[in-house]
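The file start-v5.txt comes next; it holds compact mmCIF, C-alpha atoms.
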# COMPACT_ATOMS: atom_id res chain seq x y z
CA MET A 154 -47.97 59.09 56.76
CA LYS A 155 -44.17 58.95 56.76
CA LYS A 156 -44.20 56.80 59.90
CA TYR A 157 -46.22 54.17 58.12
CA SER A 158 -43.95 54.55 55.12
CA LEU A 159 -41.00 53.71 57.34
CA TYR A 160 -42.89 50.74 58.75
CA PHE A 161 -43.50 49.58 55.24
CA LEU A 162 -39.82 50.02 54.38
CA LEU A 163 -38.64 48.13 57.43
CA PHE A 164 -41.19 45.40 56.89
CA ASN A 165 -39.89 44.86 53.35
CA LEU A 166 -36.33 44.77 54.63
CA VAL A 167 -37.19 42.06 57.11
CA VAL A 168 -38.95 40.04 54.49
CA LEU A 169 -36.05 40.44 52.12
CA ALA A 170 -33.58 39.48 54.85
CA SER A 171 -35.45 36.26 55.51
CA CYS A 172 -35.08 35.43 51.85
CA GLY A 173 -31.47 36.65 51.60
CA LYS A 174 -29.93 33.21 51.27
CA GLN A 175 -32.32 32.35 48.54
CA LYS A 176 -31.93 35.52 46.50
CA GLY A 177 -28.87 36.94 44.90
CA LEU A 178 -27.39 40.25 45.89
CA ASN A 179 -28.65 41.91 42.76
CA GLU A 180 -32.25 40.93 43.54
CA VAL A 181 -32.04 42.36 47.10
CA ASN A 182 -30.61 45.63 45.89
CA LYS A 183 -33.33 45.88 43.28
CA GLU A 184 -36.06 45.31 45.87
CA ILE A 185 -34.55 47.98 48.11
CA GLU A 186 -34.34 50.51 45.29
CA ASN A 187 -37.91 49.85 44.16
CA THR A 188 -39.27 50.15 47.68
CA THR A 189 -37.31 53.35 48.36
CA GLU A 190 -38.56 54.99 45.19
CA ASN A 191 -42.18 54.17 46.10
CA VAL A 192 -41.92 55.41 49.69
CA ILE A 193 -39.82 58.57 49.29
CA PRO A 194 -39.71 59.34 45.63
CA GLN A 195 -38.39 62.87 46.15
CA SER A 196 -35.82 62.14 48.85
CA GLY A 197 -32.13 62.34 47.90
CA SER A 198 -31.02 60.16 50.85
CA VAL A 199 -32.50 57.11 52.57
CA GLU A 200 -30.57 57.94 55.73
CA ASN A 201 -32.07 61.48 55.97
CA GLU A 202 -35.54 60.12 55.57
CA ILE A 203 -34.97 57.52 58.32
CA GLN A 204 -33.73 60.32 60.64
CA LYS A 205 -36.85 62.40 59.98
CA THR A 206 -39.06 59.46 60.64
CA THR A 207 -37.23 58.70 63.91
CA ASN A 208 -37.91 62.30 65.19
CA THR A 209 -41.58 61.96 64.41
CA THR A 210 -41.68 58.61 66.20
CA SER A 211 -40.20 60.19 69.35
CA ASN A 212 -43.08 62.66 69.50
CA VAL A 213 -45.67 59.89 69.64
CA VAL A 214 -43.86 57.51 72.07
CA VAL A 215 -46.08 58.65 74.92
CA ASP A 216 -49.13 57.72 72.97
CA SER A 217 -48.29 54.09 72.35
CA ILE A 218 -45.75 51.86 74.11
CA ASP A 219 -46.78 49.00 71.87
CA GLN A 220 -45.92 51.06 68.84
CA ILE A 221 -42.46 51.83 70.30
CA LYS A 222 -41.87 48.11 70.90
CA GLU A 223 -42.90 47.36 67.40
CA ILE A 224 -40.63 50.09 66.08
CA SER A 225 -37.78 48.86 68.29
CA GLN A 226 -38.27 45.37 66.99
CA ASP A 227 -38.38 46.74 63.46
CA ILE A 228 -35.14 48.67 64.08
CA VAL A 229 -33.48 45.59 65.47
CA SER A 230 -34.71 43.72 62.45
CA GLU A 231 -33.37 46.51 60.26
CA GLN A 232 -29.95 46.27 61.90
CA ASP A 233 -30.03 42.49 61.56
CA THR A 234 -30.97 42.89 57.93
CA ASP A 235 -28.10 45.31 57.36
CA SER A 236 -25.75 42.77 58.92
CA LYS A 237 -27.08 40.00 56.72
CA LEU A 238 -26.87 42.21 53.68
CA GLU A 239 -23.28 43.10 54.50
CA SER A 240 -22.47 39.44 55.06
CA SER A 241 -24.17 38.53 51.81
CA MET A 242 -22.16 41.15 50.00
CA GLU A 243 -18.91 39.72 51.39
CA GLU A 244 -19.91 36.21 50.47
CA ASN A 245 -20.93 37.36 47.01
CA ALA A 246 -17.57 39.06 46.58
CA VAL A 247 -15.81 35.81 47.46
CA ILE A 248 -18.03 33.88 45.07
CA THR A 249 -17.41 36.47 42.34
CA ASP A 250 -13.66 36.08 42.84
CA LYS A 251 -13.99 32.29 42.63
CA VAL A 252 -16.07 32.61 39.48
CA ASP A 253 -13.49 34.94 37.95
CA ASN A 254 -10.73 32.51 38.87
CA ALA A 255 -12.74 29.62 37.47
CA GLU A 256 -13.27 31.50 34.21
CA LYS A 257 -9.54 32.18 33.99
CA ILE A 258 -8.81 28.50 34.64
CA ILE A 259 -11.32 27.48 31.98
CA GLU A 260 -9.71 29.87 29.50
CA GLU A 261 -6.26 28.46 30.33
CA VAL A 262 -7.55 24.90 29.97
CA GLU A 263 -9.12 25.76 26.60
CA VAL A 264 -5.88 27.32 25.39
CA ALA A 265 -3.89 24.35 26.68
CA SER A 266 -6.40 22.02 25.05
CA LYS A 267 -5.99 23.79 21.72
CA ILE A 268 -2.21 23.58 22.02
CA GLU A 269 -2.38 19.91 22.97
CA LYS A 270 -4.75 19.23 20.09
CA HIS A 271 -2.40 20.99 17.66
CA GLU A 272 0.57 19.08 19.04
CA GLU A 273 -1.42 15.85 18.84
CA GLU A 274 -2.28 16.52 15.18
CA GLU A 275 1.37 17.27 14.43
CA LEU A 276 2.39 14.06 16.22
CA ILE A 277 -0.15 12.04 14.23
CA GLU A 278 1.13 13.56 10.96
CA LYS A 279 4.75 12.86 11.90
CA THR A 280 3.88 9.31 12.93
CA ALA A 281 2.07 8.70 9.62
CA ALA A 282 5.04 10.09 7.68
CA ILE A 283 7.49 7.88 9.61
CA LYS A 284 5.26 4.84 9.08
CA LYS A 285 5.08 5.52 5.34
CA ASP A 286 8.84 5.95 5.13
CA VAL A 287 9.44 2.69 7.02
CA GLU A 288 6.97 0.81 4.81
CA GLU A 289 8.70 2.14 1.66
CA LYS A 290 12.09 1.10 2.97
CA ILE A 291 10.80 -2.34 3.90
CA SER A 292 9.21 -2.67 0.45
CA LYS A 293 12.46 -1.68 -1.26
CA LYS A 294 14.39 -4.09 0.94
CA ASN A 295 11.98 -6.91 0.14
CA ASN A 296 12.21 -6.17 -3.59
CA VAL A 297 15.99 -6.32 -3.40
CA GLU A 298 15.80 -9.57 -1.48
CA ILE A 299 13.35 -11.03 -3.98
CA LYS A 300 15.54 -10.01 -6.91
CA THR A 301 18.56 -11.66 -5.32
CA LYS A 302 16.51 -14.85 -5.20
CA ALA A 303 16.19 -14.96 -9.00
CA LEU A 304 17.41 -18.39 -10.00
CA ASP A 305 21.11 -18.91 -10.63
CA HIS A 306 21.50 -21.18 -13.67
CA LYS A 307 25.16 -22.08 -13.12
CA LEU A 308 24.31 -25.70 -12.40
CA PHE A 309 22.66 -26.08 -15.81
CA ASP A 310 25.43 -24.10 -17.48
CA THR A 311 28.06 -26.49 -16.10
CA PHE A 312 26.01 -29.51 -17.16
CA LEU A 313 25.62 -28.30 -20.77
CA ARG A 314 29.29 -27.40 -21.14
CA LYS A 315 30.22 -30.93 -20.07
CA TYR A 316 27.90 -32.86 -22.41
CA VAL A 317 27.17 -30.55 -25.40
CA SER A 318 29.76 -29.52 -27.96
CA SER A 319 30.16 -26.01 -29.30
CA ALA A 320 28.58 -27.26 -32.56
CA GLY A 321 25.48 -28.42 -30.67
CA ASP A 322 26.08 -32.19 -30.69
CA VAL A 323 24.69 -33.79 -27.54
CA ASN A 324 26.43 -36.69 -25.78
CA TYR A 325 23.28 -38.43 -24.50
CA LYS A 326 25.18 -41.53 -23.47
CA MET A 327 27.35 -39.63 -21.01
CA MET A 328 24.39 -37.54 -19.92
CA LYS A 329 22.49 -40.69 -19.05
CA SER A 330 25.31 -41.80 -16.77
CA HIS A 331 25.22 -38.45 -14.99
CA GLN A 332 21.52 -37.73 -15.18
CA ILE A 333 21.48 -36.92 -11.48
CA GLU A 334 23.23 -33.66 -12.37
CA LEU A 335 20.33 -32.69 -14.61
CA GLU A 336 17.85 -33.80 -11.97
CA SER A 337 19.53 -31.49 -9.45
CA TYR A 338 18.97 -28.53 -11.75
CA ILE A 339 15.37 -29.53 -12.43
CA ASN A 340 14.78 -29.69 -8.67
CA LEU A 341 16.20 -26.19 -8.49
CA LEU A 342 13.73 -25.03 -11.13
CA GLN A 343 10.84 -26.58 -9.25
CA ASN A 344 11.87 -25.20 -5.87
CA ASN A 345 12.58 -21.71 -7.19
CA PHE A 346 9.66 -20.95 -9.48
CA LEU A 347 9.83 -17.54 -11.09
CA ASP A 348 8.37 -14.55 -9.26
CA ASN A 349 6.44 -11.60 -10.67
CA ASN A 350 9.13 -9.26 -9.31
CA TRP A 351 11.75 -10.79 -11.58
CA THR A 352 12.80 -8.81 -14.63
CA ARG A 353 11.61 -9.73 -18.10
CA ASN A 354 15.01 -11.25 -18.96
CA GLU A 355 15.06 -13.29 -15.75
CA LYS A 356 11.64 -14.72 -16.53
CA LEU A 357 12.43 -15.49 -20.16
CA ALA A 358 15.77 -17.10 -19.27
CA TYR A 359 13.94 -19.27 -16.74
CA TRP A 360 11.40 -20.54 -19.29
CA ILE A 361 13.95 -21.19 -22.06
CA ASN A 362 16.20 -23.15 -19.69
CA ALA A 363 13.21 -25.02 -18.29
CA TYR A 364 12.06 -26.01 -21.79
CA ASN A 365 15.54 -27.29 -22.73
CA ALA A 366 16.17 -29.06 -19.41
CA PHE A 367 12.85 -30.94 -19.49
CA THR A 368 13.39 -31.87 -23.15
CA LEU A 369 16.73 -33.41 -22.22
CA LYS A 370 15.12 -35.24 -19.31
CA LEU A 371 12.41 -36.59 -21.63
CA ILE A 372 15.08 -38.00 -23.94
CA LEU A 373 17.15 -39.46 -21.06
CA ASP A 374 14.11 -41.02 -19.40
CA ASN A 375 13.45 -42.89 -22.68
CA TYR A 376 17.04 -43.35 -23.83
CA PRO A 377 18.20 -44.97 -26.06
CA ILE A 378 15.92 -43.75 -28.85
CA ALA A 379 16.41 -42.62 -32.46
CA SER A 380 14.05 -39.66 -32.36
CA ILE A 381 12.03 -37.64 -29.94
CA THR A 382 8.99 -38.56 -32.00
CA ASP A 383 9.39 -42.13 -30.69
CA ILE A 384 7.99 -40.88 -27.38
CA ALA A 385 4.32 -40.53 -26.38
CA GLY A 386 2.94 -41.88 -29.65
CA GLY A 387 4.76 -39.32 -31.75
CA LYS A 388 3.35 -36.38 -29.75
CA PRO A 389 5.88 -35.80 -26.96
CA TRP A 390 5.20 -32.05 -26.95
CA ASP A 391 1.57 -32.56 -25.96
CA LYS A 392 2.33 -34.77 -22.96
CA LYS A 393 1.60 -32.95 -19.67
CA TRP A 394 4.22 -34.00 -17.14
CA ILE A 395 6.28 -30.90 -16.27
CA ALA A 396 5.52 -29.77 -12.69
CA LEU A 397 6.37 -26.12 -12.07
CA GLY A 398 4.83 -23.57 -9.74
CA GLY A 399 2.00 -25.82 -8.64
CA LYS A 400 0.91 -26.57 -12.21
CA VAL A 401 1.63 -29.32 -14.72
CA TYR A 402 2.66 -28.29 -18.24
CA SER A 403 3.48 -29.84 -21.57
CA LEU A 404 6.38 -28.64 -23.71
CA ASN A 405 3.87 -27.12 -26.12
CA GLN A 406 2.24 -25.17 -23.28
CA ILE A 407 5.53 -23.72 -22.15
CA GLU A 408 6.40 -22.62 -25.68
CA ASN A 409 3.02 -21.67 -27.14
CA ASP A 410 1.04 -20.58 -24.07
CA ILE A 411 3.78 -18.84 -22.11
CA ILE A 412 6.96 -17.94 -24.00
CA ARG A 413 5.54 -16.86 -27.35
CA PRO A 414 2.46 -14.86 -26.28
CA GLN A 415 3.97 -13.33 -23.16
CA PHE A 416 7.37 -12.29 -24.50
CA LYS A 417 6.68 -11.85 -28.24
CA GLU A 418 10.30 -12.53 -29.02
CA PRO A 419 10.87 -14.30 -32.42
CA ARG A 420 14.49 -15.15 -31.57
CA ILE A 421 13.38 -17.68 -28.94
CA HIS A 422 12.81 -20.19 -31.79
CA PHE A 423 16.59 -20.47 -32.08
CA ALA A 424 17.03 -20.97 -28.34
CA VAL A 425 14.42 -23.58 -27.35
CA ASN A 426 15.58 -26.99 -28.54
CA CYS A 427 13.46 -29.91 -29.73
CA ALA A 428 16.31 -32.49 -29.72
CA ALA A 429 16.13 -32.98 -33.51
CA GLN A 430 18.75 -32.64 -36.25
CA SER A 431 16.84 -29.90 -38.09
CA CYS A 432 16.26 -27.93 -34.90
CA PRO A 433 18.50 -24.95 -34.15
CA LYS A 434 21.53 -26.19 -32.24
CA LEU A 435 21.34 -26.58 -28.47
CA GLY A 436 23.71 -24.08 -26.92
CA ASN A 437 26.37 -25.45 -24.57
CA PHE A 438 25.47 -22.75 -22.03
CA ALA A 439 22.54 -21.71 -19.88
CA TYR A 440 20.62 -18.52 -20.59
CA THR A 441 20.76 -15.79 -17.97
CA ALA A 442 19.29 -12.33 -17.64
CA SER A 443 22.66 -10.79 -18.47
CA ASN A 444 23.55 -12.88 -21.53
CA LEU A 445 20.04 -13.32 -22.92
CA ASN A 446 19.98 -10.65 -25.62
CA ASN A 447 23.45 -11.41 -26.97
CA LYS A 448 22.87 -15.17 -26.97
CA LEU A 449 19.49 -14.86 -28.72
CA THR A 450 21.08 -12.76 -31.44
CA SER A 451 24.09 -15.04 -31.91
CA GLN A 452 21.88 -18.15 -32.00
CA THR A 453 19.59 -16.53 -34.60
CA LYS A 454 22.48 -15.55 -36.82
CA ALA A 455 24.07 -18.99 -36.49
CA PHE A 456 20.90 -20.79 -37.52
CA ILE A 457 19.87 -18.51 -40.41
CA ASN A 458 23.35 -18.78 -41.91
CA SER A 459 23.64 -22.55 -41.28
CA SER A 460 23.20 -25.42 -43.76
CA GLU A 461 19.57 -25.69 -42.69
CA ASN A 462 18.85 -22.72 -44.98
CA GLU A 463 19.84 -22.07 -48.59
CA ILE A 464 19.94 -18.34 -49.24
CA ASN A 465 20.62 -16.21 -52.32
CA THR A 466 19.37 -12.85 -53.43
CA GLU A 467 16.47 -14.23 -55.48
CA HIS A 468 15.48 -17.43 -53.71
CA LEU A 469 15.16 -18.91 -50.20
CA LYS A 470 14.93 -22.57 -49.27
CA ILE A 471 14.58 -22.46 -45.54
CA SER A 472 13.59 -24.36 -42.38
CA LYS A 473 10.01 -25.36 -41.68
CA ILE A 474 10.29 -23.33 -38.47
CA PHE A 475 9.71 -20.19 -40.55
CA GLU A 476 6.53 -21.69 -41.92
CA TRP A 477 5.18 -23.07 -38.65
CA TYR A 478 5.73 -19.82 -36.78
CA LYS A 479 5.41 -17.35 -39.64
CA SER A 480 3.27 -14.93 -37.62
CA ASP A 481 6.13 -14.44 -35.13
CA PHE A 482 8.62 -13.17 -37.72
CA GLY A 483 6.60 -10.47 -39.42
CA GLU A 484 7.79 -9.71 -42.95
CA LEU A 485 10.03 -12.74 -43.49
CA ILE A 486 12.49 -11.30 -46.05
CA SER A 487 13.05 -8.30 -43.80
CA PHE A 488 13.67 -10.57 -40.82
CA PHE A 489 16.23 -12.61 -42.77
CA ASN A 490 18.02 -9.50 -43.98
CA THR A 491 18.50 -8.45 -40.37
CA TYR A 492 20.62 -11.55 -39.62
CA SER A 493 21.71 -13.05 -42.95
CA THR A 494 25.15 -12.51 -44.38
CA THR A 495 23.51 -12.44 -47.82
CA LYS A 496 21.20 -9.56 -48.71
CA ILE A 497 17.94 -10.80 -50.18
CA ASN A 498 15.67 -9.02 -52.65
CA ALA A 499 12.26 -8.11 -51.34
CA ASN A 500 10.52 -10.18 -54.05
CA ALA A 501 12.69 -13.30 -53.58
CA SER A 502 10.81 -16.62 -53.75
CA ILE A 503 10.50 -18.89 -50.70
CA GLU A 504 10.20 -22.64 -50.20
CA TYR A 505 10.63 -24.83 -47.09
CA ASN A 506 12.83 -27.84 -46.35
CA GLU A 507 11.64 -31.11 -44.94
CA TYR A 508 12.33 -31.46 -41.26
CA ASN A 509 14.77 -34.09 -39.97
CA TRP A 510 13.53 -35.45 -36.62
CA SER A 511 16.52 -37.69 -35.97
CA LEU A 512 18.08 -37.24 -32.54
CA ASN A 513 20.59 -34.40 -32.33
CA GLY A 514 23.25 -36.56 -30.71
CA LYS A 515 24.24 -40.09 -29.67
So that I can check it, write out the structure of this file as structure tokens.
Amino acid sequence: MKKYSLYFLLFNLVVLASCGKQKGLNEVNKEIENTTENVIPQSGSVENEIQKTTNTTSNVVVDSIDQIKEISQDIVSEQDTDSKLESSMEENAVITDKVDNAEKIIEEVEVASKIEKHEEEELIEKTAAIKKDVEEKISKKNNVEIKTKALDHKLFDTFLRKYVSSAGDVNYKMMKSHQIELESYINLLQNNFLDNNWTRNEKLAYWINAYNAFTLKLILDNYPIASITDIAGGKPWDKKWIALGGKVYSLNQIENDIIRPQFKEPRIHFAVNCAAQSCPKLGNFAYTASNLNNKLTSQTKAFINSSENEINTEHLKISKIFEWYKSDFGELISFFNTYSTTKINANASIEYNEYNWSLNGK
């Protein structure tokens, strides 16, 4: 019975050997263990059992040469199987080492990848921060450059000082002979239209000077005349002819659609000039961002305390300007008391003078 058990064992080994390249080492070992347990379940050693079986086989050699040949072939097959198994074990060991090395390499790559990813994220953050900083610096630089481009009104200032007296009398005759000087400033206004980045004072100075320069041009283009009302059918302020910033304005639009609603500054009524005798005097200077507040105050005081207004504590007889633009001044008595040299009672009576439209110069 044991002889046939050995045959069975050897047969399985041969079969397993023929499949050795197709099965893993673990599968071969498992097959061997299972077969051994089935054949010699109580044996402590496979080698001892093979030795016992060999002795038994020797006793029956004389009975069957064919059986010996078969056993010899089986033994050879067994030895061949052992060799293949040993070779497979060596190959498996090499493969295992390669797998272990591959796993280590993968781990290193993953670690390196994480480091590279972290460094990449840091680089992206640093790049974004640098980009933001550069953009802010460029923006600041551009703002500075834009502000330096705010119009210089020296040309107009020089022109007014030459042809307007300190009392506000305009020498239109001399102006007419040198009108090209005014035209040069007007070209400057048109080629350097105000920008949104300008300060409030820069913008307001631009519009006041523009209003006065174009009023002077209107008079000179029609000179000689006795009154500004002799122009455009008595409505010179409604005529649209002033080209600025890609638009065409009238004098009324500049004053009533831009200056008054946008700046809400009542003192501008003593700065913009309508070329009439009853109008606040034309200053012999150009308005600038730096002198604007002081000039508006001095012009307001000069007009309120001029002969155009009769003021005492109980009664006011004042310019029509305060009637036409009453909403700009708020409580009128309070406004007058801010600039008048005479203090007026709160319940003082008010009446308005007729307006003299005669030209404010010769």
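Closest to Ser451 (chain A) among A:Thr368, A:Thr382, A:Ser493, A:Asn509 is A:Ser493, based on only C-alpha atoms.
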Determine, counting only C-alpha atoms, which protein, DNA and RNA residues have an atom within 10 Å of an atom of region 371-377 of chain A; residues of the same chain fewer than 6 positions away are not included. Present the result as a PyMOL selection string. chain A and resi 325-326+328-330+332+335+365+383-384+389+394-395+428+512+515
Neighbours of point (12.3, -11.1, -28.4) within 10 Å, using only C-alpha atoms, written as a ChimeraX atom specification: /A:354,357,412-413,416-422,445-446,449-450,481
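Distances here use only C-alpha atoms; by that measure, the residue among A:Ser459, A:Asn437, A:Thr352, A:Ser487 closest to Ser318 (chain A) is A:Asn437.
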Write out as an mmCIF file with C-alpha atoms, in the coordinates of the input each polymer residue whose atoms come within 9 Å of Asn426 (chain A), counting all atoms listed in the file; drop sequence neighbours fewer than 2 positions from it.
data_model
loop_
_atom_site.group_PDB
_atom_site.id
_atom_site.type_symbol
_atom_site.label_atom_id
_atom_site.label_comp_id
_atom_site.auth_asym_id
_atom_site.auth_seq_id
_atom_site.Cartn_x
_atom_site.Cartn_y
_atom_site.Cartn_z
ATOM 1 C CA ILE A 361 13.950 -21.190 -22.060
ATOM 2 C CA TYR A 364 12.060 -26.010 -21.790
ATOM 3 C CA ASN A 365 15.540 -27.290 -22.730
ATOM 4 C CA THR A 368 13.390 -31.870 -23.150
ATOM 5 C CA HIS A 422 12.810 -20.190 -31.790
ATOM 6 C CA PHE A 423 16.590 -20.470 -32.080
ATOM 7 C CA ALA A 424 17.030 -20.970 -28.340
ATOM 8 C CA ALA A 428 16.310 -32.490 -29.720
ATOM 9 C CA ALA A 429 16.130 -32.980 -33.510
ATOM 10 C CA CYS A 432 16.260 -27.930 -34.900
ATOM 11 C CA PRO A 433 18.500 -24.950 -34.150
ATOM 12 C CA LYS A 434 21.530 -26.190 -32.240
ATOM 13 C CA LEU A 435 21.340 -26.580 -28.470
ATOM 14 C CA GLY A 436 23.710 -24.080 -26.920
#
Between CA of Trp477 (chain A) and CA of Asn444 (chain A), distance in Å (one decimal):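 Taking CA of Trp477 (chain A) and CA of Asn444 (chain A), their separation equals 27.1 Å.
Take the candidates A:Gly483, A:Phe475, A:Gln343, A:Asn506 and check each one against Glu461 (chain A) using all atoms listed in the file; the shortest distance goes to A:Asn506.
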When you look at region 466-474 of chain A with a cut-off of 9 Å (counting only C-alpha atoms), what residues show up, excluding the ones that are within fewer than 3 positions of it in the same chain? I need them as a PyMOL selection string. chain A and resi 422+431-432+457+461-463+477-479+495-508
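Nearest-residue note for Trp390 (chain A): choosing from A:Cys427, A:Ile486, A:Leu369, A:Ile411, the minimum distance belongs to A:Cys427, counting only C-alpha atoms.
Distance check against Ile339 (chain A) using only C-alpha atoms: of A:Lys370, A:Arg314, A:Arg353, A:Lys285, the minimum falls on A:Lys370.
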So what do you get for CA of Phe438 (chain A) versus CA of Asp310 (chain A), distance-wise?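 CA of Asp310 (chain A) lies 4.7 Å from CA of Phe438 (chain A).
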Can you tell me how far CA of Thr453 (chain A) sits from CA of Glu336 (chain A), in Å to one decimal?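 Interatomic distance here is 28.5 Å.
Closest approach to Leu404 (chain A) from the set A:Asn362, A:Ser443, A:Asn324, A:Asn465 is made by A:Asn362, with distances taken over all atoms listed in the file.
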